[in-house]
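Next up, input31.txt (compact mmCIF, N, CA and C atoms):
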# COMPACT_ATOMS: atom_id res chain seq x y z
N MET A 1 122.06 141.89 123.95
CA MET A 1 123.28 141.62 123.23
C MET A 1 123.99 142.96 122.98
N THR A 2 125.25 142.96 123.24
CA THR A 2 126.00 144.20 123.07
C THR A 2 126.47 144.32 121.63
N GLU A 3 126.88 145.53 121.30
CA GLU A 3 127.36 145.81 119.95
C GLU A 3 128.57 144.95 119.61
N GLU A 4 129.45 144.74 120.58
CA GLU A 4 130.65 143.91 120.37
C GLU A 4 130.30 142.47 120.07
N SER A 5 129.34 141.93 120.79
CA SER A 5 128.97 140.53 120.56
C SER A 5 128.25 140.37 119.22
N ARG A 6 127.50 141.37 118.79
CA ARG A 6 126.85 141.31 117.47
C ARG A 6 127.90 141.29 116.37
N GLU A 7 128.91 142.11 116.51
CA GLU A 7 129.98 142.12 115.51
C GLU A 7 130.74 140.80 115.51
N ALA A 8 130.94 140.21 116.67
CA ALA A 8 131.63 138.92 116.76
C ALA A 8 130.80 137.84 116.09
N VAL A 9 129.50 137.87 116.33
CA VAL A 9 128.61 136.89 115.69
C VAL A 9 128.61 137.09 114.18
N ALA A 10 128.55 138.33 113.72
CA ALA A 10 128.56 138.62 112.29
C ALA A 10 129.87 138.16 111.65
N GLU A 11 130.98 138.39 112.34
CA GLU A 11 132.28 137.95 111.82
C GLU A 11 132.36 136.42 111.75
N ARG A 12 131.86 135.76 112.77
CA ARG A 12 131.86 134.29 112.79
C ARG A 12 131.01 133.75 111.63
N LEU A 13 129.89 134.37 111.37
CA LEU A 13 129.03 133.93 110.26
C LEU A 13 129.70 134.17 108.91
N ARG A 14 130.40 135.31 108.75
CA ARG A 14 131.11 135.58 107.50
C ARG A 14 132.21 134.56 107.24
N ARG A 15 132.89 134.14 108.30
CA ARG A 15 133.93 133.12 108.13
C ARG A 15 133.33 131.75 107.83
N ARG A 16 132.21 131.46 108.44
CA ARG A 16 131.57 130.15 108.22
C ARG A 16 130.97 130.06 106.82
N TYR A 17 130.36 131.14 106.36
CA TYR A 17 129.70 131.16 105.06
C TYR A 17 130.37 132.23 104.19
N PRO A 18 131.46 131.88 103.51
CA PRO A 18 132.17 132.88 102.71
C PRO A 18 131.34 133.29 101.50
N ARG A 19 131.72 134.42 100.90
CA ARG A 19 131.05 134.91 99.71
C ARG A 19 131.26 133.92 98.56
N PRO A 20 130.30 133.81 97.65
CA PRO A 20 130.47 132.91 96.50
C PRO A 20 131.62 133.38 95.61
N ARG A 21 132.21 132.43 94.89
CA ARG A 21 133.34 132.75 94.01
C ARG A 21 132.90 133.59 92.82
N LEU A 22 131.70 133.30 92.31
CA LEU A 22 131.17 134.07 91.17
C LEU A 22 130.22 135.14 91.68
N PRO A 23 130.37 136.35 91.21
CA PRO A 23 129.39 137.38 91.58
C PRO A 23 128.01 137.03 91.02
N ARG A 24 126.99 137.49 91.68
CA ARG A 24 125.61 137.16 91.29
C ARG A 24 125.28 137.54 89.85
N PRO A 25 125.67 138.70 89.32
CA PRO A 25 125.35 139.02 87.92
C PRO A 25 125.98 138.03 86.93
N VAL A 26 127.19 137.58 87.21
CA VAL A 26 127.83 136.60 86.33
C VAL A 26 127.05 135.28 86.37
N LEU A 27 126.63 134.88 87.56
CA LEU A 27 125.85 133.64 87.69
C LEU A 27 124.51 133.75 86.96
N VAL A 28 123.87 134.90 87.04
CA VAL A 28 122.59 135.11 86.34
C VAL A 28 122.79 135.01 84.83
N VAL A 29 123.88 135.59 84.30
CA VAL A 29 124.16 135.53 82.87
C VAL A 29 124.42 134.09 82.44
N ILE A 30 125.16 133.34 83.22
CA ILE A 30 125.45 131.93 82.88
C ILE A 30 124.16 131.12 82.85
N VAL A 31 123.31 131.29 83.84
CA VAL A 31 122.03 130.55 83.87
C VAL A 31 121.16 130.96 82.69
N ALA A 32 121.11 132.26 82.37
CA ALA A 32 120.30 132.73 81.24
C ALA A 32 120.80 132.13 79.93
N LEU A 33 122.12 132.08 79.75
CA LEU A 33 122.67 131.46 78.54
C LEU A 33 122.31 129.97 78.48
N GLY A 34 122.36 129.30 79.60
CA GLY A 34 121.97 127.88 79.64
C GLY A 34 120.52 127.68 79.24
N VAL A 35 119.64 128.56 79.72
CA VAL A 35 118.22 128.47 79.36
C VAL A 35 118.03 128.72 77.87
N VAL A 36 118.74 129.69 77.32
CA VAL A 36 118.62 129.99 75.89
C VAL A 36 119.10 128.81 75.05
N VAL A 37 120.23 128.22 75.42
CA VAL A 37 120.76 127.07 74.66
C VAL A 37 119.80 125.89 74.77
N ALA A 38 119.28 125.63 75.97
CA ALA A 38 118.32 124.52 76.14
C ALA A 38 117.06 124.76 75.31
N GLY A 39 116.56 125.98 75.29
CA GLY A 39 115.38 126.30 74.48
C GLY A 39 115.66 126.18 73.00
N TRP A 40 116.86 126.60 72.58
CA TRP A 40 117.26 126.49 71.18
C TRP A 40 117.26 125.04 70.72
N TRP A 41 117.61 124.12 71.60
CA TRP A 41 117.60 122.70 71.27
C TRP A 41 116.21 122.10 71.44
N LEU A 42 115.51 122.49 72.50
CA LEU A 42 114.24 121.85 72.85
C LEU A 42 113.12 122.15 71.86
N VAL A 43 112.98 123.38 71.42
CA VAL A 43 111.86 123.75 70.55
C VAL A 43 111.89 123.00 69.22
N PRO A 44 113.00 122.99 68.47
CA PRO A 44 112.99 122.22 67.22
C PRO A 44 112.84 120.72 67.44
N THR A 45 113.43 120.21 68.51
CA THR A 45 113.32 118.78 68.79
C THR A 45 111.87 118.41 69.11
N ALA A 46 111.22 119.20 69.94
CA ALA A 46 109.82 118.94 70.27
C ALA A 46 108.94 119.03 69.03
N TRP A 47 109.19 120.01 68.17
CA TRP A 47 108.42 120.15 66.94
C TRP A 47 108.60 118.93 66.04
N GLN A 48 109.84 118.49 65.90
CA GLN A 48 110.12 117.33 65.03
C GLN A 48 109.49 116.06 65.59
N GLN A 49 109.55 115.87 66.90
CA GLN A 49 108.99 114.67 67.50
C GLN A 49 107.46 114.67 67.47
N SER A 50 106.86 115.85 67.48
CA SER A 50 105.39 115.91 67.47
C SER A 50 104.82 115.84 66.05
N HIS A 51 105.68 115.90 65.04
CA HIS A 51 105.25 115.79 63.64
C HIS A 51 106.06 114.71 62.95
N PRO A 52 105.82 113.43 63.30
CA PRO A 52 106.60 112.36 62.67
C PRO A 52 106.26 112.23 61.19
N PRO A 53 107.17 111.63 60.41
CA PRO A 53 106.90 111.47 58.98
C PRO A 53 105.75 110.51 58.70
N ALA A 54 105.49 109.60 59.65
CA ALA A 54 104.41 108.64 59.47
C ALA A 54 103.95 108.12 60.82
N ALA A 55 102.70 107.70 60.86
CA ALA A 55 102.13 107.05 62.02
C ALA A 55 101.44 105.78 61.53
N ALA A 56 101.49 104.74 62.33
CA ALA A 56 100.89 103.47 61.91
C ALA A 56 100.18 102.82 63.08
N GLU A 57 99.20 101.98 62.75
CA GLU A 57 98.49 101.23 63.77
C GLU A 57 98.05 99.89 63.19
N VAL A 58 98.02 98.90 64.05
CA VAL A 58 97.55 97.58 63.65
C VAL A 58 96.03 97.62 63.64
N THR A 59 95.44 97.22 62.53
CA THR A 59 93.98 97.20 62.44
C THR A 59 93.42 95.81 62.69
N GLU A 60 94.25 94.79 62.43
CA GLU A 60 93.77 93.42 62.61
C GLU A 60 94.96 92.48 62.67
N PHE A 61 94.84 91.42 63.47
CA PHE A 61 95.83 90.35 63.41
C PHE A 61 95.13 89.03 63.65
N GLN A 62 95.64 87.99 62.95
CA GLN A 62 95.08 86.65 63.06
C GLN A 62 96.21 85.66 63.23
N PHE A 63 95.97 84.66 64.05
CA PHE A 63 96.98 83.63 64.29
C PHE A 63 96.84 82.54 63.25
N GLU A 64 97.86 82.37 62.46
CA GLU A 64 97.84 81.33 61.43
C GLU A 64 98.29 80.00 62.02
N SER A 65 99.32 80.04 62.87
CA SER A 65 99.81 78.84 63.55
C SER A 65 100.58 79.30 64.78
N ASP A 66 101.26 78.36 65.44
CA ASP A 66 102.05 78.72 66.61
C ASP A 66 103.29 79.53 66.25
N THR A 67 103.64 79.54 64.97
CA THR A 67 104.85 80.26 64.55
C THR A 67 104.57 81.30 63.46
N LYS A 68 103.31 81.62 63.22
CA LYS A 68 102.97 82.63 62.21
C LYS A 68 101.79 83.46 62.69
N ILE A 69 101.86 84.75 62.40
CA ILE A 69 100.76 85.66 62.69
C ILE A 69 100.60 86.59 61.49
N ASN A 70 99.36 86.75 61.04
CA ASN A 70 99.05 87.67 59.93
C ASN A 70 98.64 89.01 60.53
N ILE A 71 99.29 90.07 60.05
CA ILE A 71 99.05 91.40 60.60
C ILE A 71 98.60 92.33 59.47
N THR A 72 97.51 93.05 59.72
CA THR A 72 97.06 94.10 58.82
C THR A 72 97.25 95.42 59.57
N PHE A 73 97.95 96.35 58.93
CA PHE A 73 98.20 97.63 59.58
C PHE A 73 98.06 98.77 58.59
N ARG A 74 97.72 99.94 59.12
CA ARG A 74 97.49 101.13 58.31
C ARG A 74 98.60 102.14 58.61
N VAL A 75 99.18 102.68 57.54
CA VAL A 75 100.24 103.68 57.66
C VAL A 75 99.70 105.00 57.12
N ASP A 76 99.83 106.05 57.91
CA ASP A 76 99.41 107.40 57.51
C ASP A 76 100.67 108.25 57.40
N ARG A 77 101.00 108.65 56.16
CA ARG A 77 102.22 109.43 55.91
C ARG A 77 101.87 110.88 55.67
N SER A 78 102.65 111.77 56.25
CA SER A 78 102.40 113.20 56.01
C SER A 78 102.80 113.59 54.60
N ASP A 79 103.84 112.94 54.06
CA ASP A 79 104.26 113.18 52.69
C ASP A 79 104.39 111.83 51.99
N PRO A 80 103.42 111.45 51.15
CA PRO A 80 103.43 110.12 50.52
C PRO A 80 104.62 109.88 49.59
N SER A 81 105.31 110.94 49.17
CA SER A 81 106.43 110.75 48.24
C SER A 81 107.70 110.29 48.96
N ILE A 82 107.67 110.25 50.30
CA ILE A 82 108.85 109.82 51.07
C ILE A 82 108.61 108.39 51.56
N PRO A 83 109.55 107.47 51.29
CA PRO A 83 109.39 106.11 51.82
C PRO A 83 109.61 106.11 53.33
N VAL A 84 108.87 105.24 54.02
CA VAL A 84 109.03 105.11 55.48
C VAL A 84 109.25 103.64 55.83
N SER A 85 109.88 103.41 56.95
CA SER A 85 110.05 102.04 57.46
C SER A 85 109.38 101.96 58.82
N CYS A 86 108.61 100.90 59.00
CA CYS A 86 107.86 100.69 60.23
C CYS A 86 108.32 99.38 60.87
N ARG A 87 108.37 99.36 62.19
CA ARG A 87 108.82 98.19 62.94
C ARG A 87 107.60 97.46 63.50
N LEU A 88 107.36 96.24 62.99
CA LEU A 88 106.27 95.40 63.49
C LEU A 88 106.81 94.45 64.55
N VAL A 89 106.04 94.27 65.61
CA VAL A 89 106.46 93.41 66.71
C VAL A 89 105.29 92.52 67.11
N ALA A 90 105.60 91.23 67.33
CA ALA A 90 104.61 90.29 67.87
C ALA A 90 105.07 89.89 69.26
N GLN A 91 104.10 89.80 70.19
CA GLN A 91 104.43 89.47 71.58
C GLN A 91 103.70 88.21 72.02
N ALA A 92 104.35 87.47 72.92
CA ALA A 92 103.75 86.29 73.53
C ALA A 92 102.93 86.72 74.75
N SER A 93 102.30 85.78 75.40
CA SER A 93 101.46 86.09 76.56
C SER A 93 102.26 86.63 77.74
N ASP A 94 103.55 86.32 77.81
CA ASP A 94 104.40 86.86 78.89
C ASP A 94 105.07 88.18 78.49
N LEU A 95 104.59 88.80 77.41
CA LEU A 95 105.04 90.09 76.89
C LEU A 95 106.43 90.06 76.28
N GLN A 96 106.98 88.89 76.06
CA GLN A 96 108.26 88.76 75.38
C GLN A 96 108.05 88.95 73.88
N VAL A 97 109.00 89.61 73.22
CA VAL A 97 108.93 89.77 71.78
C VAL A 97 109.30 88.44 71.14
N VAL A 98 108.38 87.89 70.33
CA VAL A 98 108.62 86.60 69.69
C VAL A 98 108.76 86.72 68.18
N GLY A 99 108.54 87.92 67.66
CA GLY A 99 108.70 88.16 66.23
C GLY A 99 108.84 89.64 65.98
N GLU A 100 109.69 89.97 65.00
CA GLU A 100 109.93 91.38 64.71
C GLU A 100 110.37 91.50 63.26
N GLN A 101 109.90 92.55 62.61
CA GLN A 101 110.30 92.79 61.23
C GLN A 101 110.15 94.27 60.90
N ILE A 102 111.11 94.76 60.13
CA ILE A 102 111.04 96.13 59.61
C ILE A 102 110.39 96.06 58.23
N VAL A 103 109.33 96.84 58.03
CA VAL A 103 108.62 96.87 56.77
C VAL A 103 108.84 98.23 56.12
N VAL A 104 109.35 98.24 54.90
CA VAL A 104 109.57 99.49 54.17
C VAL A 104 108.34 99.75 53.30
N VAL A 105 107.76 100.91 53.50
CA VAL A 105 106.61 101.34 52.70
C VAL A 105 107.14 102.26 51.61
N PRO A 106 107.03 101.83 50.35
CA PRO A 106 107.60 102.63 49.26
C PRO A 106 106.82 103.92 49.04
N PRO A 107 107.43 104.89 48.37
CA PRO A 107 106.69 106.12 48.08
C PRO A 107 105.50 105.84 47.18
N GLY A 108 104.51 106.67 47.29
CA GLY A 108 103.30 106.48 46.48
C GLY A 108 102.54 107.78 46.33
N ASP A 109 101.27 107.65 45.92
CA ASP A 109 100.43 108.82 45.69
C ASP A 109 99.42 109.05 46.81
N VAL A 110 99.14 108.01 47.60
CA VAL A 110 98.11 108.13 48.64
C VAL A 110 98.76 108.32 50.00
N ARG A 111 98.06 109.10 50.81
CA ARG A 111 98.59 109.39 52.16
C ARG A 111 98.44 108.19 53.08
N GLN A 112 97.28 107.53 53.04
CA GLN A 112 97.05 106.35 53.89
C GLN A 112 97.14 105.10 53.04
N ILE A 113 97.81 104.10 53.59
CA ILE A 113 97.94 102.84 52.89
C ILE A 113 97.77 101.72 53.91
N GLU A 114 97.09 100.65 53.49
CA GLU A 114 96.89 99.49 54.36
C GLU A 114 97.71 98.34 53.81
N LEU A 115 98.47 97.70 54.69
CA LEU A 115 99.37 96.62 54.30
C LEU A 115 99.07 95.36 55.10
N ASN A 116 99.34 94.22 54.47
CA ASN A 116 99.22 92.91 55.13
C ASN A 116 100.60 92.30 55.21
N MET A 117 100.87 91.64 56.31
CA MET A 117 102.19 91.06 56.53
C MET A 117 102.04 89.77 57.32
N THR A 118 102.80 88.74 56.93
CA THR A 118 102.86 87.52 57.72
C THR A 118 104.19 87.53 58.46
N LEU A 119 104.11 87.44 59.77
CA LEU A 119 105.30 87.53 60.60
C LEU A 119 105.59 86.14 61.18
N ILE A 120 106.82 85.68 61.01
CA ILE A 120 107.25 84.40 61.57
C ILE A 120 107.66 84.66 63.02
N THR A 121 107.18 83.81 63.93
CA THR A 121 107.45 84.00 65.35
C THR A 121 108.20 82.80 65.93
N LEU A 122 108.85 83.01 67.04
CA LEU A 122 109.58 81.93 67.72
C LEU A 122 108.64 80.97 68.43
N ARG A 123 107.55 81.51 68.94
CA ARG A 123 106.49 80.71 69.58
C ARG A 123 105.18 81.45 69.41
N ARG A 124 104.12 80.95 69.99
CA ARG A 124 102.79 81.52 69.76
C ARG A 124 102.71 82.98 70.22
N ALA A 125 102.28 83.83 69.32
CA ALA A 125 102.08 85.25 69.62
C ALA A 125 100.63 85.47 70.00
N VAL A 126 100.41 86.44 70.89
CA VAL A 126 99.04 86.77 71.29
C VAL A 126 98.66 88.20 70.93
N SER A 127 99.65 89.01 70.52
CA SER A 127 99.35 90.37 70.12
C SER A 127 100.40 90.86 69.13
N ALA A 128 100.03 91.93 68.44
CA ALA A 128 100.95 92.55 67.48
C ALA A 128 100.79 94.06 67.56
N GLU A 129 101.88 94.76 67.30
CA GLU A 129 101.82 96.21 67.30
C GLU A 129 102.89 96.79 66.40
N VAL A 130 102.69 98.05 66.03
CA VAL A 130 103.69 98.78 65.27
C VAL A 130 104.43 99.65 66.28
N ARG A 131 105.73 99.49 66.37
CA ARG A 131 106.52 100.27 67.32
C ARG A 131 107.30 101.38 66.61
N GLY A 132 106.57 102.20 65.94
CA GLY A 132 107.16 103.39 65.34
C GLY A 132 107.50 103.26 63.88
N CYS A 133 107.41 104.39 63.21
CA CYS A 133 107.78 104.50 61.80
C CYS A 133 108.73 105.69 61.67
N ARG A 134 109.63 105.60 60.71
CA ARG A 134 110.54 106.71 60.46
C ARG A 134 110.83 106.77 58.97
N ALA A 135 111.33 107.90 58.53
CA ALA A 135 111.66 108.06 57.12
C ALA A 135 112.78 107.08 56.76
N ALA A 136 112.59 106.38 55.65
CA ALA A 136 113.58 105.36 55.27
C ALA A 136 114.77 105.94 54.56

As structure tokens - that is how I would like this structure written.
Amino acid sequence: MTEESREAVAERLRRRYPRPRLPRPVLVVIVALGVVVAGWWLVPTAWQQSHPPAAAEVTEFQFESDTKINITFRVDRSDPSIPVSCRLVAQASDLQVVGEQIVVVPPGDVRQIELNMTLITLRRAVSAEVRGCRAA
């Protein structure tokens, strides 16, 4: 390949692939700022989500009838002086939600509290669960 043909090939490539509009240092600064902003949002959000105000679990459930289910559940609060609300859900055998209720746990002195609840359902429920608690 001659020197002339190399220059022609180089010129053809420069025309086909033009230089970027933003210089590389400007692009690096923009990406770095994006990472800093994302981290500024992500760290507190991850901390808050990993330390919920309360956690709950169903310890027992019994079927009273085709339209009622008795649920016993335990709530563990990080700060007992803050009221929390927990969402109880009953499901049918096809996994459809057939009953739902928000239960407000009032402030108290103990961190763990066990509650009993009778949930009215649209049809026979086969399972129950707590789908999250949050500060009320």

Considering all atoms listed in the file, tabulate each residue of range 15-100 of chain A that lies at most 8 Å from range 110-126 of chain A along with its nearest interatomic pair and the corresponding distance in Å to one decimal; arrange the rows by chain and ascending residue number and present them as a tab-separated table.
residue	atom	partner	partner_atom	distance
A:Phe63	CA	A:Ala125	C	7.0
A:Ser65	C	A:Arg124	CA	5.9
A:Asp66	C	A:Arg124	CA	4.1
A:Thr67	C	A:Thr121	N	3.7
A:Lys68	CA	A:Leu119	C	4.5
A:Ile69	C	A:Leu119	N	4.0
A:Asn70	CA	A:Thr118	CA	4.4
A:Ile71	N	A:Met117	C	3.9
A:Thr72	CA	A:Leu115	C	4.4
A:Phe73	C	A:Leu115	N	4.1
A:Arg74	CA	A:Glu114	CA	4.3
A:Val75	N	A:Ile113	C	4.0
A:Asp76	CA	A:Gln112	CA	4.4
A:Arg77	N	A:Arg111	C	4.0
A:Ser78	N	A:Arg111	CA	6.2
A:Asp79	C	A:Arg111	CA	6.3
A:Pro80	CA	A:Val110	C	5.0
A:Ser81	N	A:Val110	N	7.0
A:Ala90	C	A:Ala125	CA	5.5
A:Gln91	C	A:Val126	N	3.9
A:Ala92	CA	A:Val126	N	4.3
A:Ser93	N	A:Val126	N	4.9
A:Asp94	N	A:Val126	N	7.6
A:Val97	C	A:Leu122	N	6.8
A:Val98	C	A:Leu122	N	3.9
A:Gly99	CA	A:Thr121	CA	4.4
A:Glu100	N	A:Ile120	C	6.0

Put those residues in a file: N, CA and C atoms, as an mmCIF file, keeping the file's coordinate frame.
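File written: result.cif
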data_model
loop_
_atom_site.group_PDB
_atom_site.id
_atom_site.type_symbol
_atom_site.label_atom_id
_atom_site.label_comp_id
_atom_site.auth_asym_id
_atom_site.auth_seq_id
_atom_site.Cartn_x
_atom_site.Cartn_y
_atom_site.Cartn_z
ATOM 1 N N PHE A 63 95.970 84.660 64.050
ATOM 2 C CA PHE A 63 96.980 83.630 64.290
ATOM 3 C C PHE A 63 96.840 82.540 63.250
ATOM 4 N N SER A 65 99.320 80.040 62.870
ATOM 5 C CA SER A 65 99.810 78.840 63.550
ATOM 6 C C SER A 65 100.580 79.300 64.780
ATOM 7 N N ASP A 66 101.260 78.360 65.440
ATOM 8 C CA ASP A 66 102.050 78.720 66.610
ATOM 9 C C ASP A 66 103.290 79.530 66.250
ATOM 10 N N THR A 67 103.640 79.540 64.970
ATOM 11 C CA THR A 67 104.850 80.260 64.550
ATOM 12 C C THR A 67 104.570 81.300 63.460
ATOM 13 N N LYS A 68 103.310 81.620 63.220
ATOM 14 C CA LYS A 68 102.970 82.630 62.210
ATOM 15 C C LYS A 68 101.790 83.460 62.690
ATOM 16 N N ILE A 69 101.860 84.750 62.400
ATOM 17 C CA ILE A 69 100.760 85.660 62.690
ATOM 18 C C ILE A 69 100.600 86.590 61.490
ATOM 19 N N ASN A 70 99.360 86.750 61.040
ATOM 20 C CA ASN A 70 99.050 87.670 59.930
ATOM 21 C C ASN A 70 98.640 89.010 60.530
ATOM 22 N N ILE A 71 99.290 90.070 60.050
ATOM 23 C CA ILE A 71 99.050 91.400 60.600
ATOM 24 C C ILE A 71 98.600 92.330 59.470
ATOM 25 N N THR A 72 97.510 93.050 59.720
ATOM 26 C CA THR A 72 97.060 94.100 58.820
ATOM 27 C C THR A 72 97.250 95.420 59.570
ATOM 28 N N PHE A 73 97.950 96.350 58.930
ATOM 29 C CA PHE A 73 98.200 97.630 59.580
ATOM 30 C C PHE A 73 98.060 98.770 58.590
ATOM 31 N N ARG A 74 97.720 99.940 59.120
ATOM 32 C CA ARG A 74 97.490 101.130 58.310
ATOM 33 C C ARG A 74 98.600 102.140 58.610
ATOM 34 N N VAL A 75 99.180 102.680 57.540
ATOM 35 C CA VAL A 75 100.240 103.680 57.660
ATOM 36 C C VAL A 75 99.700 105.000 57.120
ATOM 37 N N ASP A 76 99.830 106.050 57.910
ATOM 38 C CA ASP A 76 99.410 107.400 57.510
ATOM 39 C C ASP A 76 100.670 108.250 57.400
ATOM 40 N N ARG A 77 101.000 108.650 56.160
ATOM 41 C CA ARG A 77 102.220 109.430 55.910
ATOM 42 C C ARG A 77 101.870 110.880 55.670
ATOM 43 N N SER A 78 102.650 111.770 56.250
ATOM 44 C CA SER A 78 102.400 113.200 56.010
ATOM 45 C C SER A 78 102.800 113.590 54.600
ATOM 46 N N ASP A 79 103.840 112.940 54.060
ATOM 47 C CA ASP A 79 104.260 113.180 52.690
ATOM 48 C C ASP A 79 104.390 111.830 51.990
ATOM 49 N N PRO A 80 103.420 111.450 51.150
ATOM 50 C CA PRO A 80 103.430 110.120 50.520
ATOM 51 C C PRO A 80 104.620 109.880 49.590
ATOM 52 N N SER A 81 105.310 110.940 49.170
ATOM 53 C CA SER A 81 106.430 110.750 48.240
ATOM 54 C C SER A 81 107.700 110.290 48.960
ATOM 55 N N ALA A 90 105.600 91.230 67.330
ATOM 56 C CA ALA A 90 104.610 90.290 67.870
ATOM 57 C C ALA A 90 105.070 89.890 69.260
ATOM 58 N N GLN A 91 104.100 89.800 70.190
ATOM 59 C CA GLN A 91 104.430 89.470 71.580
ATOM 60 C C GLN A 91 103.700 88.210 72.020
ATOM 61 N N ALA A 92 104.350 87.470 72.920
ATOM 62 C CA ALA A 92 103.750 86.290 73.530
ATOM 63 C C ALA A 92 102.930 86.720 74.750
ATOM 64 N N SER A 93 102.300 85.780 75.400
ATOM 65 C CA SER A 93 101.460 86.090 76.560
ATOM 66 C C SER A 93 102.260 86.630 77.740
ATOM 67 N N ASP A 94 103.550 86.320 77.810
ATOM 68 C CA ASP A 94 104.400 86.860 78.890
ATOM 69 C C ASP A 94 105.070 88.180 78.490
ATOM 70 N N VAL A 97 109.000 89.610 73.220
ATOM 71 C CA VAL A 97 108.930 89.770 71.780
ATOM 72 C C VAL A 97 109.300 88.440 71.140
ATOM 73 N N VAL A 98 108.380 87.890 70.330
ATOM 74 C CA VAL A 98 108.620 86.600 69.690
ATOM 75 C C VAL A 98 108.760 86.720 68.180
ATOM 76 N N GLY A 99 108.540 87.920 67.660
ATOM 77 C CA GLY A 99 108.700 88.160 66.230
ATOM 78 C C GLY A 99 108.840 89.640 65.980
ATOM 79 N N GLU A 100 109.690 89.970 65.000
ATOM 80 C CA GLU A 100 109.930 91.380 64.710
ATOM 81 C C GLU A 100 110.370 91.500 63.260
#

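Note that atom C of Gln101 in chain A and CA of Leu88 in chain A are 4.8 Å apart.
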
Apply DSSP to the structure's backbone, then extract all residues of range 5-127 of chain A labelled strand (DSSP E) and return them as a ChimeraX atom specification. /A:54-65,68-77,84-91,97-105,112-120,127

Exercise. What separation in Å, quoted to one decimal, exists between atom N of Cys86 in chain A and CA of Ile102 in chain A?
Worked result: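 Those two atoms sit 5.4 Å apart.
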
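Here atom C of Pro20 in chain A is placed at a distance of 26.4 Å from atom N of Gly39 in chain A.
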
**OP:** Write out as a count of residues only all residues of chain A that backbone DSSP assigns to helix (DSSP H, G or I).
**Re:** 41

### Message
My list of candidates is A:Gln62, A:Gln48, A:Arg16, A:Ala136. Which is closest to Ile82 in chain A when distances are computed with only C-alpha atoms?
### Response
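Among the listed residues, the smallest separation from Ile82 in chain A belongs to A:Ala136.
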
Nearest to Val103 in chain A, restricted to only C-alpha atoms and choosing among A:Gly132, A:Pro18, A:Pro25, A:Pro52, comes out as A:Gly132
